[in-house]
Amino acid sequence: MVSAFIDHRLDGVIRVISIINRSSLQPLYCSYCSTEQVCKTVDTDVQIHSDHFGFTYGASDVICKGEHMQNATHVLITTDKEGSADHKMEYLPIKNKVVNETFKFNFTICISNLFDNYNNVLQFAQTMEMYKLLGVQHVVIYNTSCGPDLEKLLKHYETEGILEIISWPIDQFLNPSRGWISQLHKGDIQYFGQLVTLNECIYRHMYQSKYILMNDIDEIIMPYKHTNLPSLMKDLQPAHPNIGVFFIERNIFPKTQFEESGKFKRAEWKNIPGTNIMEHIYREPFKNDGLSPKKMILNPRKVQQTSVHYTLKHFGGRFHVPYDVCKIIHVRVPQEGNFTKEKLFVDKRVWDFEQKLIPNVDQTLKLSGFL
């Protein structure tokens, strides 16, 4: 069991986000209790998500099928039909008990999980400061482990209030894989339980955030015809009122290719670990074949289950945002081997933000003890 929520869209059932061993399925029961400590045990509908990438364990929803669940405060998934289990520590608190129509945040970013010693400080600082300029108010990271320098930066953003860090000690329960191809990347579950965290994040923020951006820690969902995300969605949503899932195409900017003038090769950043996105303005050609992996801007209230690049169950339609309107800037290792600069496209969109971005990054690096 990971977390439990009332799903008001499905008659107020209790949905328990879980991780289930697909090779040893058994009947599961739901014991839920009210404030008065009155507990009931009911049958469940176990939904293992269709995307599990062939790993033994998969992201799952256990739907509790009972009555008067809106009064429940805690829930436990059990194999005991009599519901005699009374392990107080194992009961999960039930969230999303109230439907909010006004949201604390307009835009929240769900970043699935940090593991090993990820320590890309400079790129993370630049990306976070870019998010702020684009109108993001809340960023969520599920943290298994990270490098010592990045830890300092995470603490700074957490103190500042924009970052919510959720501890994700999945390696204490399973042997998580470091990849997504089960034949290549051995382990019990894909990418440290990436799909579980993405779904958990949607439900956690269903009534807190108007929109959720689903992208990786080194990706920026960047409007190209609007100054920021609020103005982008102010155009997109009224034009597509029934759409709850907006697909954004990804662009790779190889970190092996540097801008030639060196205007952003700043001495102040020389000793900061990580990649300087300002130096990488060459992007790989976009393949308009419909096969490239996309990321999403979601209305969480229209999503039931998600994978990484697309939703699995949703209410309403999905829309592919035109490539020239919005795209993902992803500075990373090249995807297509060794393109020469002549085969790459110059894209200086991040430079449009330099006057605010650079001082903001410097200020953050000072406050977190790097400068």
# chains A, B, ... in the order shown; residues from 1 in each chain; ligands from 1
>>> select_by_dssp(residues="segment 34-206 of chain A", states="alpha helix (DSSP H)", output="count of residues only")
38
>>> residues_around(residues="segment 5-12 of chain A", least_positions_apart="3", cutoff="12 Å", atoms="only C-alpha atoms", output="JSON, numbers by chain")
{"A": [1, 2, 15, 16, 17, 18, 32, 61, 62, 63, 64, 65, 66, 67, 68, 69, 70, 71, 72, 73, 74, 75, 92, 93, 94, 95, 96, 97, 98, 99, 100, 199, 200, 201, 202, 203, 204, 205, 206, 207, 300, 301, 302, 303, 304, 314, 315]}
>>> select_by_dssp(residues="segment 90-181 of chain A", states="strand (DSSP E or B)", output="PDB file with N, CA and C atoms, in the first residue's frame")
ATOM      1  N   LEU A  92      -3.766   3.108   6.471  1.00  0.00           N
ATOM      2  CA  LEU A  92      -3.389   4.356   5.788  1.00  0.00           C
ATOM      3  C   LEU A  92      -4.449   5.418   6.036  1.00  0.00           C
ATOM      4  N   PRO A  93      -4.048   6.667   6.243  1.00  0.00           N
ATOM      5  CA  PRO A  93      -5.050   7.739   6.288  1.00  0.00           C
ATOM      6  C   PRO A  93      -5.642   7.944   4.889  1.00  0.00           C
ATOM      7  N   ILE A  94      -6.913   8.291   4.821  1.00  0.00           N
ATOM      8  CA  ILE A  94      -7.588   8.480   3.528  1.00  0.00           C
ATOM      9  C   ILE A  94      -7.609   9.973   3.204  1.00  0.00           C
ATOM     10  N   LYS A  95      -7.096  10.306   2.017  1.00  0.00           N
ATOM     11  CA  LYS A  95      -7.000  11.717   1.597  1.00  0.00           C
ATOM     12  C   LYS A  95      -8.075  12.044   0.552  1.00  0.00           C
ATOM     13  N   PHE A 105      -2.647  25.814  -6.143  1.00  0.00           N
ATOM     14  CA  PHE A 105      -1.647  26.053  -7.188  1.00  0.00           C
ATOM     15  C   PHE A 105      -2.305  26.011  -8.567  1.00  0.00           C
ATOM     16  N   ASN A 106      -1.760  26.790  -9.485  1.00  0.00           N
ATOM     17  CA  ASN A 106      -2.179  26.712 -10.881  1.00  0.00           C
ATOM     18  C   ASN A 106      -1.438  25.593 -11.599  1.00  0.00           C
ATOM     19  N   PHE A 107      -0.102  25.533 -11.355  1.00  0.00           N
ATOM     20  CA  PHE A 107       0.743  24.564 -12.057  1.00  0.00           C
ATOM     21  C   PHE A 107       1.652  23.857 -11.047  1.00  0.00           C
ATOM     22  N   THR A 108       1.572  22.525 -11.057  1.00  0.00           N
ATOM     23  CA  THR A 108       2.441  21.674 -10.232  1.00  0.00           C
ATOM     24  C   THR A 108       3.202  20.759 -11.172  1.00  0.00           C
ATOM     25  N   ILE A 109       4.481  20.550 -10.885  1.00  0.00           N
ATOM     26  CA  ILE A 109       5.264  19.578 -11.667  1.00  0.00           C
ATOM     27  C   ILE A 109       5.502  18.339 -10.820  1.00  0.00           C
ATOM     28  N   CYS A 110       5.183  17.171 -11.394  1.00  0.00           N
ATOM     29  CA  CYS A 110       5.442  15.892 -10.724  1.00  0.00           C
ATOM     30  C   CYS A 110       6.707  15.266 -11.324  1.00  0.00           C
ATOM     31  N   ILE A 111       7.761  15.205 -10.517  1.00  0.00           N
ATOM     32  CA  ILE A 111       9.017  14.579 -10.967  1.00  0.00           C
ATOM     33  C   ILE A 111       9.112  13.229 -10.261  1.00  0.00           C
ATOM     34  N   SER A 112       9.153  12.160 -11.062  1.00  0.00           N
ATOM     35  CA  SER A 112       8.915  10.823 -10.502  1.00  0.00           C
ATOM     36  C   SER A 112       9.918  10.451  -9.416  1.00  0.00           C
ATOM     37  N   ASN A 113      11.160  10.154  -9.733  1.00  0.00           N
ATOM     38  CA  ASN A 113      12.022   9.747  -8.624  1.00  0.00           C
ATOM     39  C   ASN A 113      13.500   9.994  -8.859  1.00  0.00           C
ATOM     40  N   LEU A 114      14.138  10.372  -7.755  1.00  0.00           N
ATOM     41  CA  LEU A 114      15.595  10.541  -7.731  1.00  0.00           C
ATOM     42  C   LEU A 114      16.188   9.291  -7.100  1.00  0.00           C
ATOM     43  N   HIS A 138       4.668  25.022  -7.814  1.00  0.00           N
ATOM     44  CA  HIS A 138       4.860  23.869  -6.926  1.00  0.00           C
ATOM     45  C   HIS A 138       5.559  22.761  -7.707  1.00  0.00           C
ATOM     46  N   VAL A 139       6.622  22.203  -7.123  1.00  0.00           N
ATOM     47  CA  VAL A 139       7.345  21.088  -7.747  1.00  0.00           C
ATOM     48  C   VAL A 139       7.414  19.962  -6.714  1.00  0.00           C
ATOM     49  N   VAL A 140       7.132  18.736  -7.165  1.00  0.00           N
ATOM     50  CA  VAL A 140       7.115  17.573  -6.271  1.00  0.00           C
ATOM     51  C   VAL A 140       8.164  16.580  -6.744  1.00  0.00           C
ATOM     52  N   ILE A 141       9.021  16.140  -5.818  1.00  0.00           N
ATOM     53  CA  ILE A 141      10.045  15.140  -6.158  1.00  0.00           C
ATOM     54  C   ILE A 141       9.937  13.979  -5.182  1.00  0.00           C
ATOM     55  N   TYR A 142       9.928  12.770  -5.726  1.00  0.00           N
ATOM     56  CA  TYR A 142       9.972  11.552  -4.913  1.00  0.00           C
ATOM     57  C   TYR A 142      11.442  11.155  -4.804  1.00  0.00           C
ATOM     58  N   ASN A 143      11.971  11.161  -3.591  1.00  0.00           N
ATOM     59  CA  ASN A 143      13.423  11.034  -3.400  1.00  0.00           C
ATOM     60  C   ASN A 143      13.795   9.722  -2.716  1.00  0.00           C
ATOM     61  N   LEU A 163       9.241  23.619  -3.335  1.00  0.00           N
ATOM     62  CA  LEU A 163       9.513  22.186  -3.533  1.00  0.00           C
ATOM     63  C   LEU A 163       8.937  21.343  -2.404  1.00  0.00           C
ATOM     64  N   GLU A 164       8.238  20.282  -2.796  1.00  0.00           N
ATOM     65  CA  GLU A 164       7.751  19.276  -1.843  1.00  0.00           C
ATOM     66  C   GLU A 164       8.549  18.000  -2.096  1.00  0.00           C
ATOM     67  N   ILE A 165       9.287  17.554  -1.078  1.00  0.00           N
ATOM     68  CA  ILE A 165      10.093  16.329  -1.222  1.00  0.00           C
ATOM     69  C   ILE A 165       9.359  15.206  -0.503  1.00  0.00           C
ATOM     70  N   ILE A 166       9.056  14.150  -1.248  1.00  0.00           N
ATOM     71  CA  ILE A 166       8.370  12.995  -0.663  1.00  0.00           C
ATOM     72  C   ILE A 166       9.374  11.858  -0.580  1.00  0.00           C
ATOM     73  N   SER A 167       9.607  11.391   0.613  1.00  0.00           N
ATOM     74  CA  SER A 167      10.561  10.286   0.804  1.00  0.00           C
ATOM     75  C   SER A 167      10.023   9.027   0.107  1.00  0.00           C
ATOM     76  N   PRO A 176      14.567  -2.457  -6.763  1.00  0.00           N
ATOM     77  CA  PRO A 176      14.073  -1.707  -7.920  1.00  0.00           C
ATOM     78  C   PRO A 176      15.054  -1.725  -9.085  1.00  0.00           C
TER      79      PRO A 176
END
>>> closest_atom_pairs(of="segment 155-236 of chain A", to="segment 246-252 of chain A", cutoff="12 Å", atoms="only C-alpha atoms", output="JSON lines")
{"residue": "A:Tyr211", "atom": "CA", "partner": "A:Phe246", "partner_atom": "CA", "distance": 10.3}
{"residue": "A:Ile212", "atom": "CA", "partner": "A:Phe246", "partner_atom": "CA", "distance": 10.4}
{"residue": "A:Leu213", "atom": "CA", "partner": "A:Phe246", "partner_atom": "CA", "distance": 9.5}
{"residue": "A:Met214", "atom": "CA", "partner": "A:Phe247", "partner_atom": "CA", "distance": 9.9}
{"residue": "A:Asn215", "atom": "CA", "partner": "A:Ile248", "partner_atom": "CA", "distance": 9.8}
{"residue": "A:Asp216", "atom": "CA", "partner": "A:Arg250", "partner_atom": "CA", "distance": 11.1}
{"residue": "A:Asp218", "atom": "CA", "partner": "A:Ile252", "partner_atom": "CA", "distance": 10.8}
{"residue": "A:Glu219", "atom": "CA", "partner": "A:Arg250", "partner_atom": "CA", "distance": 8.6}
{"residue": "A:Ile220", "atom": "CA", "partner": "A:Arg250", "partner_atom": "CA", "distance": 9.4}
{"residue": "A:Ile221", "atom": "CA", "partner": "A:Ile248", "partner_atom": "CA", "distance": 7.5}
{"residue": "A:Met222", "atom": "CA", "partner": "A:Ile248", "partner_atom": "CA", "distance": 9.2}
{"residue": "A:Pro223", "atom": "CA", "partner": "A:Ile248", "partner_atom": "CA", "distance": 9.9}
{"residue": "A:Tyr224", "atom": "CA", "partner": "A:Ile248", "partner_atom": "CA", "distance": 11.8}
{"residue": "A:Leu232", "atom": "CA", "partner": "A:Phe246", "partner_atom": "CA", "distance": 11.4}
{"residue": "A:Met233", "atom": "CA", "partner": "A:Phe246", "partner_atom": "CA", "distance": 9.8}
{"residue": "A:Leu236", "atom": "CA", "partner": "A:Phe246", "partner_atom": "CA", "distance": 9.0}
>>> write_last_selection(atoms="N, CA and C atoms", output="PDB file, in the first residue's frame")
ATOM      1  N   TYR A 211      -3.523  22.389 -12.835  1.00  0.00           N
ATOM      2  CA  TYR A 211      -2.838  21.564 -13.835  1.00  0.00           C
ATOM      3  C   TYR A 211      -1.629  20.885 -13.210  1.00  0.00           C
ATOM      4  N   ILE A 212      -1.286  19.725 -13.798  1.00  0.00           N
ATOM      5  CA  ILE A 212      -0.057  19.019 -13.409  1.00  0.00           C
ATOM      6  C   ILE A 212       0.781  18.808 -14.660  1.00  0.00           C
ATOM      7  N   LEU A 213       2.064  19.115 -14.560  1.00  0.00           N
ATOM      8  CA  LEU A 213       3.012  18.844 -15.648  1.00  0.00           C
ATOM      9  C   LEU A 213       3.759  17.566 -15.308  1.00  0.00           C
ATOM     10  N   MET A 214       3.786  16.637 -16.255  1.00  0.00           N
ATOM     11  CA  MET A 214       4.474  15.364 -16.037  1.00  0.00           C
ATOM     12  C   MET A 214       5.751  15.383 -16.863  1.00  0.00           C
ATOM     13  N   ASN A 215       6.843  15.768 -16.248  1.00  0.00           N
ATOM     14  CA  ASN A 215       8.110  15.750 -16.986  1.00  0.00           C
ATOM     15  C   ASN A 215       9.251  15.363 -16.066  1.00  0.00           C
ATOM     16  N   ASP A 216      10.390  15.025 -16.669  1.00  0.00           N
ATOM     17  CA  ASP A 216      11.551  14.586 -15.895  1.00  0.00           C
ATOM     18  C   ASP A 216      12.277  15.783 -15.295  1.00  0.00           C
ATOM     19  N   ASP A 218      15.143  16.887 -15.778  1.00  0.00           N
ATOM     20  CA  ASP A 218      15.996  17.667 -16.681  1.00  0.00           C
ATOM     21  C   ASP A 218      15.224  18.147 -17.922  1.00  0.00           C
ATOM     22  N   GLU A 219      13.897  18.182 -17.824  1.00  0.00           N
ATOM     23  CA  GLU A 219      13.064  18.614 -18.951  1.00  0.00           C
ATOM     24  C   GLU A 219      12.293  19.889 -18.589  1.00  0.00           C
ATOM     25  N   ILE A 220      12.154  20.772 -19.572  1.00  0.00           N
ATOM     26  CA  ILE A 220      11.367  21.991 -19.381  1.00  0.00           C
ATOM     27  C   ILE A 220      10.267  22.021 -20.440  1.00  0.00           C
ATOM     28  N   ILE A 221       9.015  22.053 -20.002  1.00  0.00           N
ATOM     29  CA  ILE A 221       7.899  22.229 -20.937  1.00  0.00           C
ATOM     30  C   ILE A 221       7.828  23.725 -21.250  1.00  0.00           C
ATOM     31  N   MET A 222       8.200  24.066 -22.478  1.00  0.00           N
ATOM     32  CA  MET A 222       8.456  25.461 -22.832  1.00  0.00           C
ATOM     33  C   MET A 222       7.460  25.979 -23.894  1.00  0.00           C
ATOM     34  N   PRO A 223       6.645  26.988 -23.542  1.00  0.00           N
ATOM     35  CA  PRO A 223       5.821  27.633 -24.563  1.00  0.00           C
ATOM     36  C   PRO A 223       6.713  28.436 -25.517  1.00  0.00           C
ATOM     37  N   TYR A 224       6.424  28.347 -26.806  1.00  0.00           N
ATOM     38  CA  TYR A 224       7.205  29.085 -27.807  1.00  0.00           C
ATOM     39  C   TYR A 224       6.437  30.281 -28.373  1.00  0.00           C
ATOM     40  N   LEU A 232      -0.369  30.249 -22.062  1.00  0.00           N
ATOM     41  CA  LEU A 232      -0.530  29.102 -22.976  1.00  0.00           C
ATOM     42  C   LEU A 232      -1.871  28.411 -22.724  1.00  0.00           C
ATOM     43  N   MET A 233      -2.127  28.075 -21.445  1.00  0.00           N
ATOM     44  CA  MET A 233      -3.340  27.316 -21.126  1.00  0.00           C
ATOM     45  C   MET A 233      -4.601  28.173 -21.241  1.00  0.00           C
ATOM     46  N   LEU A 236      -5.240  27.470 -24.831  1.00  0.00           N
ATOM     47  CA  LEU A 236      -5.485  26.066 -25.190  1.00  0.00           C
ATOM     48  C   LEU A 236      -6.795  25.531 -24.608  1.00  0.00           C
TER      49      LEU A 236
END
>>> atom_distance(atom1="atom CA of Ser231 of chain A", atom2="atom CA of Phe253 of chain A")
25.2 Å
>>> residues_around(residues="Cys146 of chain A", least_positions_apart="6", cutoff="10 Å", atoms="only C-alpha atoms", output="list in words")
Asn113, Leu114, Phe115, Asp116, Asn117, Tyr118, Asn119, Asn120 and Leu154 of chain A
>>> write_last_selection(atoms="all heavy atoms", output="PDB file, in the first residue's frame")
ATOM      1  N   ASN A 113      11.160  10.154  -9.733  1.00  0.00           N
ATOM      2  CA  ASN A 113      12.022   9.747  -8.624  1.00  0.00           C
ATOM      3  C   ASN A 113      13.500   9.994  -8.859  1.00  0.00           C
ATOM      4  O   ASN A 113      14.018   9.853  -9.957  1.00  0.00           O
ATOM      5  CB  ASN A 113      11.831   8.282  -8.201  1.00  0.00           C
ATOM      6  CG  ASN A 113      11.143   7.449  -9.238  1.00  0.00           C
ATOM      7  OD1 ASN A 113      10.926   7.875 -10.359  1.00  0.00           O
ATOM      8  ND2 ASN A 113      10.801   6.243  -8.893  1.00  0.00           N
ATOM      9  N   LEU A 114      14.138  10.372  -7.755  1.00  0.00           N
ATOM     10  CA  LEU A 114      15.595  10.541  -7.731  1.00  0.00           C
ATOM     11  C   LEU A 114      16.188   9.291  -7.100  1.00  0.00           C
ATOM     12  O   LEU A 114      15.710   8.835  -6.053  1.00  0.00           O
ATOM     13  CB  LEU A 114      15.971  11.736  -6.852  1.00  0.00           C
ATOM     14  CG  LEU A 114      15.807  13.127  -7.437  1.00  0.00           C
ATOM     15  CD1 LEU A 114      16.266  14.146  -6.401  1.00  0.00           C
ATOM     16  CD2 LEU A 114      16.616  13.288  -8.711  1.00  0.00           C
ATOM     17  N   PHE A 115      17.233   8.736  -7.725  1.00  0.00           N
ATOM     18  CA  PHE A 115      17.903   7.591  -7.105  1.00  0.00           C
ATOM     19  C   PHE A 115      19.380   7.619  -7.460  1.00  0.00           C
ATOM     20  O   PHE A 115      19.832   8.435  -8.273  1.00  0.00           O
ATOM     21  CB  PHE A 115      17.246   6.261  -7.502  1.00  0.00           C
ATOM     22  CG  PHE A 115      17.148   6.029  -8.990  1.00  0.00           C
ATOM     23  CD1 PHE A 115      18.195   5.448  -9.686  1.00  0.00           C
ATOM     24  CD2 PHE A 115      15.991   6.355  -9.686  1.00  0.00           C
ATOM     25  CE1 PHE A 115      18.102   5.209 -11.049  1.00  0.00           C
ATOM     26  CE2 PHE A 115      15.885   6.126 -11.053  1.00  0.00           C
ATOM     27  CZ  PHE A 115      16.951   5.548 -11.735  1.00  0.00           C
ATOM     28  N   ASP A 116      20.127   6.713  -6.843  1.00  0.00           N
ATOM     29  CA  ASP A 116      21.591   6.688  -6.948  1.00  0.00           C
ATOM     30  C   ASP A 116      22.123   8.056  -6.498  1.00  0.00           C
ATOM     31  O   ASP A 116      21.558   8.670  -5.616  1.00  0.00           O
ATOM     32  CB  ASP A 116      22.045   6.318  -8.370  1.00  0.00           C
ATOM     33  CG  ASP A 116      21.755   4.842  -8.678  1.00  0.00           C
ATOM     34  OD1 ASP A 116      21.439   4.111  -7.719  1.00  0.00           O
ATOM     35  OD2 ASP A 116      21.825   4.430  -9.838  1.00  0.00           O
ATOM     36  N   ASN A 117      23.185   8.516  -7.127  1.00  0.00           N
ATOM     37  CA  ASN A 117      23.762   9.769  -6.633  1.00  0.00           C
ATOM     38  C   ASN A 117      23.595  10.895  -7.629  1.00  0.00           C
ATOM     39  O   ASN A 117      24.550  11.612  -7.931  1.00  0.00           O
ATOM     40  CB  ASN A 117      25.244   9.550  -6.291  1.00  0.00           C
ATOM     41  CG  ASN A 117      25.376   8.734  -5.013  1.00  0.00           C
ATOM     42  OD1 ASN A 117      24.702   9.025  -4.031  1.00  0.00           O
ATOM     43  ND2 ASN A 117      26.208   7.716  -5.026  1.00  0.00           N
ATOM     44  N   TYR A 118      22.382  11.063  -8.131  1.00  0.00           N
ATOM     45  CA  TYR A 118      22.104  12.146  -9.086  1.00  0.00           C
ATOM     46  C   TYR A 118      22.538  13.463  -8.449  1.00  0.00           C
ATOM     47  O   TYR A 118      22.108  13.817  -7.357  1.00  0.00           O
ATOM     48  CB  TYR A 118      20.614  12.165  -9.427  1.00  0.00           C
ATOM     49  CG  TYR A 118      20.272  13.123 -10.548  1.00  0.00           C
ATOM     50  CD1 TYR A 118      20.411  12.742 -11.873  1.00  0.00           C
ATOM     51  CD2 TYR A 118      19.823  14.412 -10.274  1.00  0.00           C
ATOM     52  CE1 TYR A 118      20.104  13.609 -12.918  1.00  0.00           C
ATOM     53  CE2 TYR A 118      19.508  15.286 -11.303  1.00  0.00           C
ATOM     54  CZ  TYR A 118      19.655  14.885 -12.616  1.00  0.00           C
ATOM     55  OH  TYR A 118      19.349  15.748 -13.631  1.00  0.00           O
ATOM     56  N   ASN A 119      23.412  14.205  -9.145  1.00  0.00           N
ATOM     57  CA  ASN A 119      24.040  15.370  -8.517  1.00  0.00           C
ATOM     58  C   ASN A 119      24.161  16.548  -9.491  1.00  0.00           C
ATOM     59  O   ASN A 119      25.079  17.352  -9.388  1.00  0.00           O
ATOM     60  CB  ASN A 119      25.433  14.968  -8.007  1.00  0.00           C
ATOM     61  CG  ASN A 119      25.895  15.839  -6.850  1.00  0.00           C
ATOM     62  OD1 ASN A 119      25.110  16.191  -5.987  1.00  0.00           O
ATOM     63  ND2 ASN A 119      27.163  16.200  -6.844  1.00  0.00           N
ATOM     64  N   ASN A 120      23.211  16.644 -10.422  1.00  0.00           N
ATOM     65  CA  ASN A 120      23.283  17.648 -11.490  1.00  0.00           C
ATOM     66  C   ASN A 120      22.762  18.997 -10.968  1.00  0.00           C
ATOM     67  O   ASN A 120      21.670  19.431 -11.293  1.00  0.00           O
ATOM     68  CB  ASN A 120      22.463  17.156 -12.683  1.00  0.00           C
ATOM     69  CG  ASN A 120      22.695  17.974 -13.932  1.00  0.00           C
ATOM     70  OD1 ASN A 120      23.261  19.057 -13.891  1.00  0.00           O
ATOM     71  ND2 ASN A 120      22.230  17.443 -15.059  1.00  0.00           N
ATOM     72  N   LEU A 154      18.175  20.912  -2.869  1.00  0.00           N
ATOM     73  CA  LEU A 154      16.795  20.477  -2.582  1.00  0.00           C
ATOM     74  C   LEU A 154      16.307  21.102  -1.274  1.00  0.00           C
ATOM     75  O   LEU A 154      15.181  21.595  -1.181  1.00  0.00           O
ATOM     76  CB  LEU A 154      16.711  18.951  -2.488  1.00  0.00           C
ATOM     77  CG  LEU A 154      16.952  18.139  -3.773  1.00  0.00           C
ATOM     78  CD1 LEU A 154      16.858  16.648  -3.462  1.00  0.00           C
ATOM     79  CD2 LEU A 154      15.970  18.497  -4.874  1.00  0.00           C
TER      80      LEU A 154
END
